[in-house]
Amino acid sequence: MSSLRNPRGRRPLSGVRVLVGRARHQAGALSGELRKLGATVLEIPFIEIRKPRSFKPLDSALLNLGGYDWLILTSANGVEAMWERLAKLRLTKTKLTHLRVAAIGPATKKAIERRGVSVNVVPKEYVAESVVRSLRRRVKGKRVLLVRAKIARDVIPRELCLAGAQVDVVEAYETVVPESSRTRLRNALANLRRRPHVVTFTSSSTVRNFVDLLGSGRTAGIGGIRLASIGPVTSSTLRELGLRVDIEATEFTIPGLVKAIAAAVSSDRN
């Protein structure tokens, strides 16, 4: 990275190659912001969003929304999947009017509000622990519906149950490793002229799947590439799998990640 030059007047990320590993349908927002700053973006998805094997648990919960006091959504993917099922079941947003709604971050909040539903709680930090801090005193004796991915951390249901809530966790989607990315990723990293200067990670799933796609023992081949994390939970997974955290966003959002990458590149160039 230190060899990169940025002549006066050029955009902050001119000459920087960034690998974006978000799911294909979600990569646009991050890629677009990076390109605005002059980056050359390579998109190779590390995760693929799929429907769960069965919608029965989610459908059952949605047909009984009247029995819940709180609804918690932890991703825009969860919002999209839930609204697809509401439409399939011919349920309208009026079924949610009695609920208090919590969103884990601004992207999730925006996705909910776009569908005409108000959000009551967005935690100060966009991680599970902050959701718990925001809700712990509000949920005693309440029924809570948590809509999320198949594989996710259990911090929210565990801690809210300890706070006296009854929590139902339902799966709205699952994330899997996109096999079509395996060869593309290895080739991109092997090409010394085109390999990325920065690889972005926007969730723990993207980290685990990146390592899976690389294959056993191949992480040594990413030397000299900066690994950029959207926040502390993702950073923890990187370290857990023996990878560095070179860049970490202080605001755990896509704009925050872009800002952190730009700041790191600027520091290298000065």
# chains A, B, ... in the order shown; residues from 1 in each chain; ligands from 1
>>> residues_around(residues="range 147-161 of chain A", least_positions_apart="3", cutoff="8 Å", atoms="only C-alpha atoms", output="PDB file with N, CA, C and O atoms, in the first residue's frame")
ATOM      1  N   PRO A  52     -34.731 -20.403   3.380  1.00  0.00           N
ATOM      2  CA  PRO A  52     -34.560 -21.530   4.312  1.00  0.00           C
ATOM      3  C   PRO A  52     -35.206 -22.785   3.750  1.00  0.00           C
ATOM      4  O   PRO A  52     -36.018 -22.716   2.814  1.00  0.00           O
ATOM      5  N   LEU A  58     -41.396 -19.447  10.319  1.00  0.00           N
ATOM      6  CA  LEU A  58     -41.616 -18.021  10.068  1.00  0.00           C
ATOM      7  C   LEU A  58     -43.089 -17.753   9.784  1.00  0.00           C
ATOM      8  O   LEU A  58     -43.674 -16.809  10.346  1.00  0.00           O
ATOM      9  N   LEU A  71     -40.794  -6.871  17.842  1.00  0.00           N
ATOM     10  CA  LEU A  71     -40.223  -7.508  16.665  1.00  0.00           C
ATOM     11  C   LEU A  71     -38.801  -6.978  16.504  1.00  0.00           C
ATOM     12  O   LEU A  71     -38.577  -5.764  16.509  1.00  0.00           O
ATOM     13  N   ILE A  72     -37.830  -7.890  16.383  1.00  0.00           N
ATOM     14  CA  ILE A  72     -36.437  -7.496  16.183  1.00  0.00           C
ATOM     15  C   ILE A  72     -35.968  -8.031  14.832  1.00  0.00           C
ATOM     16  O   ILE A  72     -36.095  -9.228  14.550  1.00  0.00           O
ATOM     17  N   LEU A  73     -35.422  -7.137  14.012  1.00  0.00           N
ATOM     18  CA  LEU A  73     -34.868  -7.518  12.720  1.00  0.00           C
ATOM     19  C   LEU A  73     -33.404  -7.111  12.687  1.00  0.00           C
ATOM     20  O   LEU A  73     -33.065  -5.989  13.069  1.00  0.00           O
ATOM     21  N   THR A  74     -32.549  -8.011  12.256  1.00  0.00           N
ATOM     22  CA  THR A  74     -31.105  -7.777  12.361  1.00  0.00           C
ATOM     23  C   THR A  74     -30.413  -7.532  11.026  1.00  0.00           C
ATOM     24  O   THR A  74     -29.206  -7.340  10.995  1.00  0.00           O
ATOM     25  N   SER A  75     -31.161  -7.534   9.925  1.00  0.00           N
ATOM     26  CA  SER A  75     -30.538  -7.274   8.622  1.00  0.00           C
ATOM     27  C   SER A  75     -31.601  -6.910   7.604  1.00  0.00           C
ATOM     28  O   SER A  75     -32.784  -7.256   7.752  1.00  0.00           O
ATOM     29  N   GLY A  78     -33.229  -9.980   6.246  1.00  0.00           N
ATOM     30  CA  GLY A  78     -34.327 -10.476   7.069  1.00  0.00           C
ATOM     31  C   GLY A  78     -35.614  -9.709   6.804  1.00  0.00           C
ATOM     32  O   GLY A  78     -36.705 -10.290   6.765  1.00  0.00           O
ATOM     33  N   MET A  82     -38.953 -11.438   5.308  1.00  0.00           N
ATOM     34  CA  MET A  82     -40.182 -11.384   6.110  1.00  0.00           C
ATOM     35  C   MET A  82     -41.323 -10.771   5.312  1.00  0.00           C
ATOM     36  O   MET A  82     -42.448 -11.279   5.338  1.00  0.00           O
ATOM     37  N   ALA A 128     -25.085  -6.907  18.149  1.00  0.00           N
ATOM     38  CA  ALA A 128     -26.062  -7.573  19.004  1.00  0.00           C
ATOM     39  C   ALA A 128     -26.020  -7.078  20.445  1.00  0.00           C
ATOM     40  O   ALA A 128     -27.055  -6.884  21.086  1.00  0.00           O
ATOM     41  N   GLU A 129     -24.815  -6.873  20.975  1.00  0.00           N
ATOM     42  CA  GLU A 129     -24.686  -6.448  22.371  1.00  0.00           C
ATOM     43  C   GLU A 129     -25.378  -5.113  22.622  1.00  0.00           C
ATOM     44  O   GLU A 129     -25.972  -4.884  23.671  1.00  0.00           O
ATOM     45  N   VAL A 131     -27.966  -3.973  20.898  1.00  0.00           N
ATOM     46  CA  VAL A 131     -29.409  -4.242  20.849  1.00  0.00           C
ATOM     47  C   VAL A 131     -29.882  -4.667  22.231  1.00  0.00           C
ATOM     48  O   VAL A 131     -30.910  -4.185  22.733  1.00  0.00           O
ATOM     49  N   VAL A 132     -29.131  -5.551  22.841  1.00  0.00           N
ATOM     50  CA  VAL A 132     -29.487  -6.039  24.175  1.00  0.00           C
ATOM     51  C   VAL A 132     -29.525  -4.893  25.180  1.00  0.00           C
ATOM     52  O   VAL A 132     -30.467  -4.767  25.970  1.00  0.00           O
ATOM     53  N   LEU A 135     -32.647  -2.828  24.847  1.00  0.00           N
ATOM     54  CA  LEU A 135     -33.945  -3.465  25.100  1.00  0.00           C
ATOM     55  C   LEU A 135     -34.084  -4.115  26.471  1.00  0.00           C
ATOM     56  O   LEU A 135     -35.205  -4.403  26.904  1.00  0.00           O
ATOM     57  N   ARG A 136     -32.958  -4.343  27.143  1.00  0.00           N
ATOM     58  CA  ARG A 136     -32.980  -5.158  28.358  1.00  0.00           C
ATOM     59  C   ARG A 136     -34.057  -4.724  29.356  1.00  0.00           C
ATOM     60  O   ARG A 136     -34.753  -5.547  29.940  1.00  0.00           O
ATOM     61  N   VAL A 139     -38.177  -5.325  28.041  1.00  0.00           N
ATOM     62  CA  VAL A 139     -38.788  -6.554  27.537  1.00  0.00           C
ATOM     63  C   VAL A 139     -39.229  -7.538  28.623  1.00  0.00           C
ATOM     64  O   VAL A 139     -39.750  -8.605  28.313  1.00  0.00           O
ATOM     65  N   GLY A 164     -35.919 -11.549  31.199  1.00  0.00           N
ATOM     66  CA  GLY A 164     -37.318 -11.829  31.510  1.00  0.00           C
ATOM     67  C   GLY A 164     -38.252 -11.868  30.327  1.00  0.00           C
ATOM     68  O   GLY A 164     -39.473 -11.945  30.492  1.00  0.00           O
ATOM     69  N   ALA A 165     -37.703 -11.837  29.119  1.00  0.00           N
ATOM     70  CA  ALA A 165     -38.542 -11.897  27.919  1.00  0.00           C
ATOM     71  C   ALA A 165     -38.734 -13.339  27.472  1.00  0.00           C
ATOM     72  O   ALA A 165     -37.933 -14.217  27.789  1.00  0.00           O
ATOM     73  N   GLN A 166     -39.807 -13.562  26.724  1.00  0.00           N
ATOM     74  CA  GLN A 166     -40.000 -14.833  26.041  1.00  0.00           C
ATOM     75  C   GLN A 166     -39.651 -14.586  24.576  1.00  0.00           C
ATOM     76  O   GLN A 166     -40.325 -13.804  23.896  1.00  0.00           O
ATOM     77  N   VAL A 167     -38.606 -15.216  24.100  1.00  0.00           N
ATOM     78  CA  VAL A 167     -38.083 -14.914  22.771  1.00  0.00           C
ATOM     79  C   VAL A 167     -38.272 -16.102  21.833  1.00  0.00           C
ATOM     80  O   VAL A 167     -37.843 -17.210  22.128  1.00  0.00           O
ATOM     81  N   ASP A 168     -38.914 -15.830  20.701  1.00  0.00           N
ATOM     82  CA  ASP A 168     -39.020 -16.825  19.631  1.00  0.00           C
ATOM     83  C   ASP A 168     -38.084 -16.413  18.504  1.00  0.00           C
ATOM     84  O   ASP A 168     -38.166 -15.286  17.997  1.00  0.00           O
ATOM     85  N   VAL A 169     -37.191 -17.320  18.121  1.00  0.00           N
ATOM     86  CA  VAL A 169     -36.233 -17.054  17.044  1.00  0.00           C
ATOM     87  C   VAL A 169     -36.686 -17.819  15.809  1.00  0.00           C
ATOM     88  O   VAL A 169     -36.865 -19.034  15.863  1.00  0.00           O
ATOM     89  N   VAL A 170     -36.877 -17.096  14.698  1.00  0.00           N
ATOM     90  CA  VAL A 170     -37.283 -17.779  13.468  1.00  0.00           C
ATOM     91  C   VAL A 170     -36.313 -17.440  12.342  1.00  0.00           C
ATOM     92  O   VAL A 170     -35.799 -16.332  12.243  1.00  0.00           O
ATOM     93  N   GLU A 171     -36.102 -18.427  11.510  1.00  0.00           N
ATOM     94  CA  GLU A 171     -35.156 -18.312  10.396  1.00  0.00           C
ATOM     95  C   GLU A 171     -35.881 -17.775   9.167  1.00  0.00           C
ATOM     96  O   GLU A 171     -36.904 -18.318   8.747  1.00  0.00           O
ATOM     97  N   ALA A 172     -35.339 -16.694   8.587  1.00  0.00           N
ATOM     98  CA  ALA A 172     -35.938 -16.109   7.396  1.00  0.00           C
ATOM     99  C   ALA A 172     -35.134 -16.403   6.138  1.00  0.00           C
ATOM    100  O   ALA A 172     -35.656 -16.342   5.034  1.00  0.00           O
ATOM    101  N   TYR A 173     -33.842 -16.699   6.322  1.00  0.00           N
ATOM    102  CA  TYR A 173     -32.969 -16.976   5.190  1.00  0.00           C
ATOM    103  C   TYR A 173     -31.713 -17.647   5.713  1.00  0.00           C
ATOM    104  O   TYR A 173     -31.506 -17.732   6.926  1.00  0.00           O
ATOM    105  N   GLU A 174     -30.884 -18.134   4.816  1.00  0.00           N
ATOM    106  CA  GLU A 174     -29.595 -18.673   5.219  1.00  0.00           C
ATOM    107  C   GLU A 174     -28.512 -18.185   4.276  1.00  0.00           C
ATOM    108  O   GLU A 174     -28.788 -17.816   3.126  1.00  0.00           O
ATOM    109  N   THR A 175     -27.290 -18.141   4.779  1.00  0.00           N
ATOM    110  CA  THR A 175     -26.161 -17.738   3.954  1.00  0.00           C
ATOM    111  C   THR A 175     -25.302 -18.967   3.681  1.00  0.00           C
ATOM    112  O   THR A 175     -25.033 -19.756   4.590  1.00  0.00           O
TER     113      THR A 175
END
>>> residues_around(residues="Leu185 in chain A", least_positions_apart="2", cutoff="10 Å", atoms="only C-alpha atoms", output="PyMOL selection string")
chain A and resi 19+21+42-46+180-183+187-190+195+210+213-214
>>> atom_distance(atom1="CA of Leu13 in chain A", atom2="CA of Phe201 in chain A")
17.7 Å
>>> closest_residue(among="A:Leu257, A:Leu63, A:Ala29, A:Val211", to="Leu243 in chain A", atoms="only C-alpha atoms")
A:Val211
>>> residues_around(residues="Pro106 in chain A", least_positions_apart="4", cutoff="8 Å", atoms="only C-alpha atoms", output="PyMOL selection string")
chain A and resi 110+122+253
>>> residues_around(residues="range 119-121 of chain A", least_positions_apart="4", cutoff="10 Å", atoms="only C-alpha atoms", output="CSV table (one decimal) with all heavy atoms, in the first residue's frame")
chain,number,residue,atom,x,y,z
A,70,TRP,N,-42.8,-7.3,20.8
A,70,TRP,CA,-41.7,-6.7,20.1
A,70,TRP,C,-41.3,-7.6,18.9
A,70,TRP,O,-41.4,-8.8,18.9
A,70,TRP,CB,-40.4,-6.7,21.0
A,70,TRP,CG,-40.4,-5.6,22.0
A,70,TRP,CD1,-40.9,-5.6,23.3
A,70,TRP,CD2,-39.8,-4.3,21.8
A,70,TRP,NE1,-40.7,-4.3,23.8
A,70,TRP,CE2,-40.0,-3.6,23.0
A,70,TRP,CE3,-39.1,-3.7,20.7
A,70,TRP,CZ2,-39.5,-2.3,23.1
A,70,TRP,CZ3,-38.6,-2.4,20.9
A,70,TRP,CH2,-38.9,-1.7,22.1
A,71,LEU,N,-40.8,-6.9,17.8
A,71,LEU,CA,-40.2,-7.5,16.7
A,71,LEU,C,-38.8,-7.0,16.5
A,71,LEU,O,-38.6,-5.8,16.5
A,71,LEU,CB,-41.0,-7.2,15.4
A,71,LEU,CG,-40.4,-7.5,14.1
A,71,LEU,CD1,-40.3,-9.0,13.9
A,71,LEU,CD2,-41.2,-6.9,12.9
A,72,ILE,N,-37.8,-7.9,16.4
A,72,ILE,CA,-36.4,-7.5,16.2
A,72,ILE,C,-36.0,-8.0,14.8
A,72,ILE,O,-36.1,-9.2,14.6
A,72,ILE,CB,-35.5,-8.0,17.3
A,72,ILE,CG1,-36.0,-7.6,18.7
A,72,ILE,CG2,-34.1,-7.6,17.1
A,72,ILE,CD1,-35.2,-8.2,19.8
A,99,LEU,N,-46.9,-3.6,17.3
A,99,LEU,CA,-45.6,-4.1,17.7
A,99,LEU,C,-44.7,-2.9,18.0
A,99,LEU,O,-44.7,-1.9,17.2
A,99,LEU,CB,-45.0,-5.0,16.7
A,99,LEU,CG,-45.6,-6.4,16.5
A,99,LEU,CD1,-45.1,-7.0,15.2
A,99,LEU,CD2,-45.3,-7.3,17.7
A,100,ARG,N,-43.8,-3.1,18.9
A,100,ARG,CA,-42.6,-2.2,19.0
A,100,ARG,C,-41.5,-2.9,18.2
A,100,ARG,O,-41.3,-4.1,18.2
A,100,ARG,CB,-42.1,-2.1,20.5
A,100,ARG,CG,-43.2,-1.6,21.4
A,100,ARG,CD,-43.3,-0.1,21.4
A,100,ARG,NE,-42.1,0.5,22.1
A,100,ARG,CZ,-41.9,1.8,22.1
A,100,ARG,NH1,-42.8,2.6,21.5
A,100,ARG,NH2,-40.9,2.3,22.8
A,101,VAL,N,-40.8,-2.1,17.4
A,101,VAL,CA,-39.9,-2.7,16.4
A,101,VAL,C,-38.5,-2.2,16.7
A,101,VAL,O,-38.2,-1.0,16.8
A,101,VAL,CB,-40.3,-2.3,14.9
A,101,VAL,CG1,-39.3,-2.9,13.9
A,101,VAL,CG2,-41.7,-2.8,14.7
A,102,ALA,N,-37.5,-3.1,16.7
A,102,ALA,CA,-36.1,-2.8,16.8
A,102,ALA,C,-35.3,-3.2,15.6
A,102,ALA,O,-35.6,-4.3,15.1
A,102,ALA,CB,-35.5,-3.5,18.1
A,103,ALA,N,-34.5,-2.4,15.1
A,103,ALA,CA,-33.6,-2.7,14.0
A,103,ALA,C,-32.1,-2.6,14.4
A,103,ALA,O,-31.8,-1.6,15.2
A,103,ALA,CB,-33.9,-1.7,12.8
A,104,ILE,N,-31.3,-3.4,13.9
A,104,ILE,CA,-29.9,-3.5,14.4
A,104,ILE,C,-29.1,-2.3,13.9
A,104,ILE,O,-28.0,-2.0,14.5
A,104,ILE,CB,-29.2,-4.8,14.1
A,104,ILE,CG1,-28.1,-5.1,15.1
A,104,ILE,CG2,-28.8,-4.9,12.7
A,104,ILE,CD1,-27.6,-6.5,15.1
A,105,GLY,N,-29.5,-1.7,12.8
A,105,GLY,CA,-28.7,-0.6,12.2
A,105,GLY,C,-29.4,0.2,11.2
A,105,GLY,O,-30.6,-0.1,10.9
A,108,THR,N,-31.0,-1.6,8.1
A,108,THR,CA,-32.2,-2.4,8.5
A,108,THR,C,-33.3,-1.5,8.7
A,108,THR,O,-34.5,-1.7,8.3
A,108,THR,CB,-31.9,-3.3,9.7
A,108,THR,OG1,-30.7,-4.1,9.5
A,108,THR,CG2,-33.0,-4.2,10.0
A,109,LYS,N,-33.1,-0.4,9.5
A,109,LYS,CA,-34.1,0.6,9.8
A,109,LYS,C,-34.7,1.1,8.5
A,109,LYS,O,-36.0,1.2,8.3
A,109,LYS,CB,-33.6,1.7,10.6
A,109,LYS,CG,-34.5,2.8,10.9
A,109,LYS,CD,-33.8,3.9,11.9
A,109,LYS,CE,-34.8,5.0,12.3
A,109,LYS,NZ,-35.1,6.0,11.3
A,110,LYS,N,-33.9,1.5,7.5
A,110,LYS,CA,-34.3,2.0,6.3
A,110,LYS,C,-35.2,1.0,5.5
A,110,LYS,O,-36.2,1.4,4.9
A,110,LYS,CB,-33.1,2.5,5.4
A,110,LYS,CG,-33.5,3.2,4.1
A,110,LYS,CD,-32.2,3.6,3.4
A,110,LYS,CE,-32.5,4.3,2.1
A,110,LYS,NZ,-31.3,4.8,1.4
A,112,ILE,N,-37.0,-1.3,6.8
A,112,ILE,CA,-38.3,-1.5,7.4
A,112,ILE,C,-39.2,-0.2,7.1
A,112,ILE,O,-40.4,-0.4,6.8
A,112,ILE,CB,-38.1,-1.6,9.0
A,112,ILE,CG1,-37.4,-2.9,9.3
A,112,ILE,CG2,-39.5,-1.6,9.7
A,112,ILE,CD1,-36.9,-3.0,10.7
A,113,GLU,N,-38.6,0.9,7.3
A,113,GLU,CA,-39.4,2.2,7.1
A,113,GLU,C,-39.9,2.3,5.6
A,113,GLU,O,-40.9,2.9,5.3
A,113,GLU,CB,-38.6,3.4,7.5
A,113,GLU,CG,-38.4,3.4,9.0
A,113,GLU,CD,-37.6,4.6,9.5
A,113,GLU,OE1,-36.8,5.2,8.7
A,113,GLU,OE2,-37.7,5.0,10.7
A,131,VAL,N,-28.0,-4.0,20.9
A,131,VAL,CA,-29.4,-4.2,20.8
A,131,VAL,C,-29.9,-4.7,22.2
A,131,VAL,O,-30.9,-4.2,22.7
A,131,VAL,CB,-29.7,-5.3,19.8
A,131,VAL,CG1,-31.2,-5.7,19.9
A,131,VAL,CG2,-29.4,-4.9,18.4
A,134,SER,N,-30.1,-1.8,24.6
A,134,SER,CA,-31.2,-0.9,24.3
A,134,SER,C,-32.5,-1.5,24.8
A,134,SER,O,-33.5,-0.8,25.1
A,134,SER,CB,-31.3,-0.7,22.8
A,134,SER,OG,-30.1,0.0,22.4
A,135,LEU,N,-32.6,-2.8,24.8
A,135,LEU,CA,-33.9,-3.5,25.1
A,135,LEU,C,-34.1,-4.1,26.5
A,135,LEU,O,-35.2,-4.4,26.9
A,135,LEU,CB,-34.2,-4.5,24.0
A,135,LEU,CG,-34.4,-4.0,22.6
A,135,LEU,CD1,-34.6,-5.2,21.7
A,135,LEU,CD2,-35.5,-3.0,22.5
>>> select_by_dssp(residues="range 38-170 of chain A", states="strand (DSSP E)", output="list in words")
Thr40, Val41, Leu42, Glu43, Glu48, Ile49, Arg50, Trp70, Leu71, Ile72, Leu73, Arg100, Val101, Ala102, Ala103, Arg143, Val144, Leu145, Leu146, Val147, Arg148, Ala149, Gln166, Val167, Asp168, Val169 and Val170 of chain A
>>> select_by_dssp(residues="range 10-236 of chain A", states="helix (DSSP H, G or I)", output="MDAnalysis selection string")
chainID A and resid 24:36 56:63 65:67 76:88 93:96 106:113 128:135 155:162 181:190 204:214 219:222 232:236
>>> closest_residue(among="A:Val176, A:Val20, A:Leu91, A:Val79", to="Ser229 in chain A", atoms="only C-alpha atoms")
A:Val20
>>> closest_residue(among="A:Gly67, A:His197, A:His98, A:Arg186", to="Leu145 in chain A", atoms="only C-alpha atoms")
A:Gly67
>>> closest_residue(among="A:Leu241, A:Leu65, A:Ile222, A:Leu146", to="Ser204 in chain A", atoms="only C-alpha atoms")
A:Leu241
>>> residues_around(residues="Lys93 in chain A", least_positions_apart="3", cutoff="10 Å", atoms="only C-alpha atoms", output="list in words")
Trp83, Leu86, Ala87, Leu96, Thr97, Arg115, Gly116 and Val117 of chain A
>>> write_last_selection(atoms="all heavy atoms", output="PDB file, in the first residue's frame")
ATOM      1  N   TRP A  83     -41.050  -9.692   4.582  1.00  0.00           N
ATOM      2  CA  TRP A  83     -42.121  -9.044   3.823  1.00  0.00           C
ATOM      3  C   TRP A  83     -42.584  -9.899   2.654  1.00  0.00           C
ATOM      4  O   TRP A  83     -43.761  -9.872   2.283  1.00  0.00           O
ATOM      5  CB  TRP A  83     -41.694  -7.653   3.366  1.00  0.00           C
ATOM      6  CG  TRP A  83     -42.377  -6.604   4.198  1.00  0.00           C
ATOM      7  CD1 TRP A  83     -43.516  -5.905   3.889  1.00  0.00           C
ATOM      8  CD2 TRP A  83     -42.004  -6.169   5.514  1.00  0.00           C
ATOM      9  NE1 TRP A  83     -43.852  -5.059   4.928  1.00  0.00           N
ATOM     10  CE2 TRP A  83     -42.943  -5.199   5.931  1.00  0.00           C
ATOM     11  CE3 TRP A  83     -40.957  -6.499   6.380  1.00  0.00           C
ATOM     12  CZ2 TRP A  83     -42.875  -4.561   7.166  1.00  0.00           C
ATOM     13  CZ3 TRP A  83     -40.887  -5.873   7.615  1.00  0.00           C
ATOM     14  CH2 TRP A  83     -41.838  -4.915   7.994  1.00  0.00           C
ATOM     15  N   LEU A  86     -45.001 -12.189   4.337  1.00  0.00           N
ATOM     16  CA  LEU A  86     -46.244 -11.481   4.659  1.00  0.00           C
ATOM     17  C   LEU A  86     -47.136 -11.381   3.425  1.00  0.00           C
ATOM     18  O   LEU A  86     -48.353 -11.607   3.494  1.00  0.00           O
ATOM     19  CB  LEU A  86     -45.930 -10.075   5.191  1.00  0.00           C
ATOM     20  CG  LEU A  86     -45.381  -9.973   6.619  1.00  0.00           C
ATOM     21  CD1 LEU A  86     -44.887  -8.552   6.892  1.00  0.00           C
ATOM     22  CD2 LEU A  86     -46.445 -10.359   7.649  1.00  0.00           C
ATOM     23  N   ALA A  87     -46.513 -11.049   2.281  1.00  0.00           N
ATOM     24  CA  ALA A  87     -47.279 -10.936   1.037  1.00  0.00           C
ATOM     25  C   ALA A  87     -47.843 -12.299   0.630  1.00  0.00           C
ATOM     26  O   ALA A  87     -48.999 -12.407   0.201  1.00  0.00           O
ATOM     27  CB  ALA A  87     -46.388 -10.378  -0.068  1.00  0.00           C
ATOM     28  N   LEU A  96     -48.776  -5.352  12.017  1.00  0.00           N
ATOM     29  CA  LEU A  96     -47.592  -5.009  12.803  1.00  0.00           C
ATOM     30  C   LEU A  96     -47.776  -3.741  13.634  1.00  0.00           C
ATOM     31  O   LEU A  96     -46.873  -3.359  14.375  1.00  0.00           O
ATOM     32  CB  LEU A  96     -46.377  -4.811  11.884  1.00  0.00           C
ATOM     33  CG  LEU A  96     -45.709  -6.050  11.295  1.00  0.00           C
ATOM     34  CD1 LEU A  96     -46.547  -6.675  10.187  1.00  0.00           C
ATOM     35  CD2 LEU A  96     -44.342  -5.707  10.729  1.00  0.00           C
ATOM     36  N   THR A  97     -48.923  -3.079  13.504  1.00  0.00           N
ATOM     37  CA  THR A  97     -49.067  -1.749  14.104  1.00  0.00           C
ATOM     38  C   THR A  97     -48.961  -1.758  15.631  1.00  0.00           C
ATOM     39  O   THR A  97     -48.558  -0.758  16.228  1.00  0.00           O
ATOM     40  CB  THR A  97     -50.403  -1.119  13.692  1.00  0.00           C
ATOM     41  OG1 THR A  97     -51.481  -2.031  13.980  1.00  0.00           O
ATOM     42  CG2 THR A  97     -50.423  -0.798  12.212  1.00  0.00           C
ATOM     43  N   ARG A 115     -41.076   0.177   3.955  1.00  0.00           N
ATOM     44  CA  ARG A 115     -42.314  -0.597   3.843  1.00  0.00           C
ATOM     45  C   ARG A 115     -43.436  -0.029   4.710  1.00  0.00           C
ATOM     46  O   ARG A 115     -44.450  -0.687   4.947  1.00  0.00           O
ATOM     47  CB  ARG A 115     -42.024  -2.059   4.196  1.00  0.00           C
ATOM     48  CG  ARG A 115     -41.171  -2.723   3.114  1.00  0.00           C
ATOM     49  CD  ARG A 115     -40.516  -3.992   3.581  1.00  0.00           C
ATOM     50  NE  ARG A 115     -39.867  -4.715   2.479  1.00  0.00           N
ATOM     51  CZ  ARG A 115     -38.647  -4.481   2.024  1.00  0.00           C
ATOM     52  NH1 ARG A 115     -37.909  -3.535   2.588  1.00  0.00           N
ATOM     53  NH2 ARG A 115     -38.144  -5.166   1.021  1.00  0.00           N
ATOM     54  N   GLY A 116     -43.218   1.182   5.194  1.00  0.00           N
ATOM     55  CA  GLY A 116     -44.282   1.890   5.894  1.00  0.00           C
ATOM     56  C   GLY A 116     -44.462   1.540   7.353  1.00  0.00           C
ATOM     57  O   GLY A 116     -45.506   1.823   7.945  1.00  0.00           O
ATOM     58  N   VAL A 117     -43.445   0.961   7.963  1.00  0.00           N
ATOM     59  CA  VAL A 117     -43.513   0.585   9.380  1.00  0.00           C
ATOM     60  C   VAL A 117     -42.500   1.412  10.170  1.00  0.00           C
ATOM     61  O   VAL A 117     -41.350   1.554   9.748  1.00  0.00           O
ATOM     62  CB  VAL A 117     -43.237  -0.919   9.561  1.00  0.00           C
ATOM     63  CG1 VAL A 117     -43.175  -1.289  11.038  1.00  0.00           C
ATOM     64  CG2 VAL A 117     -44.318  -1.740   8.849  1.00  0.00           C
TER      65      VAL A 117
END
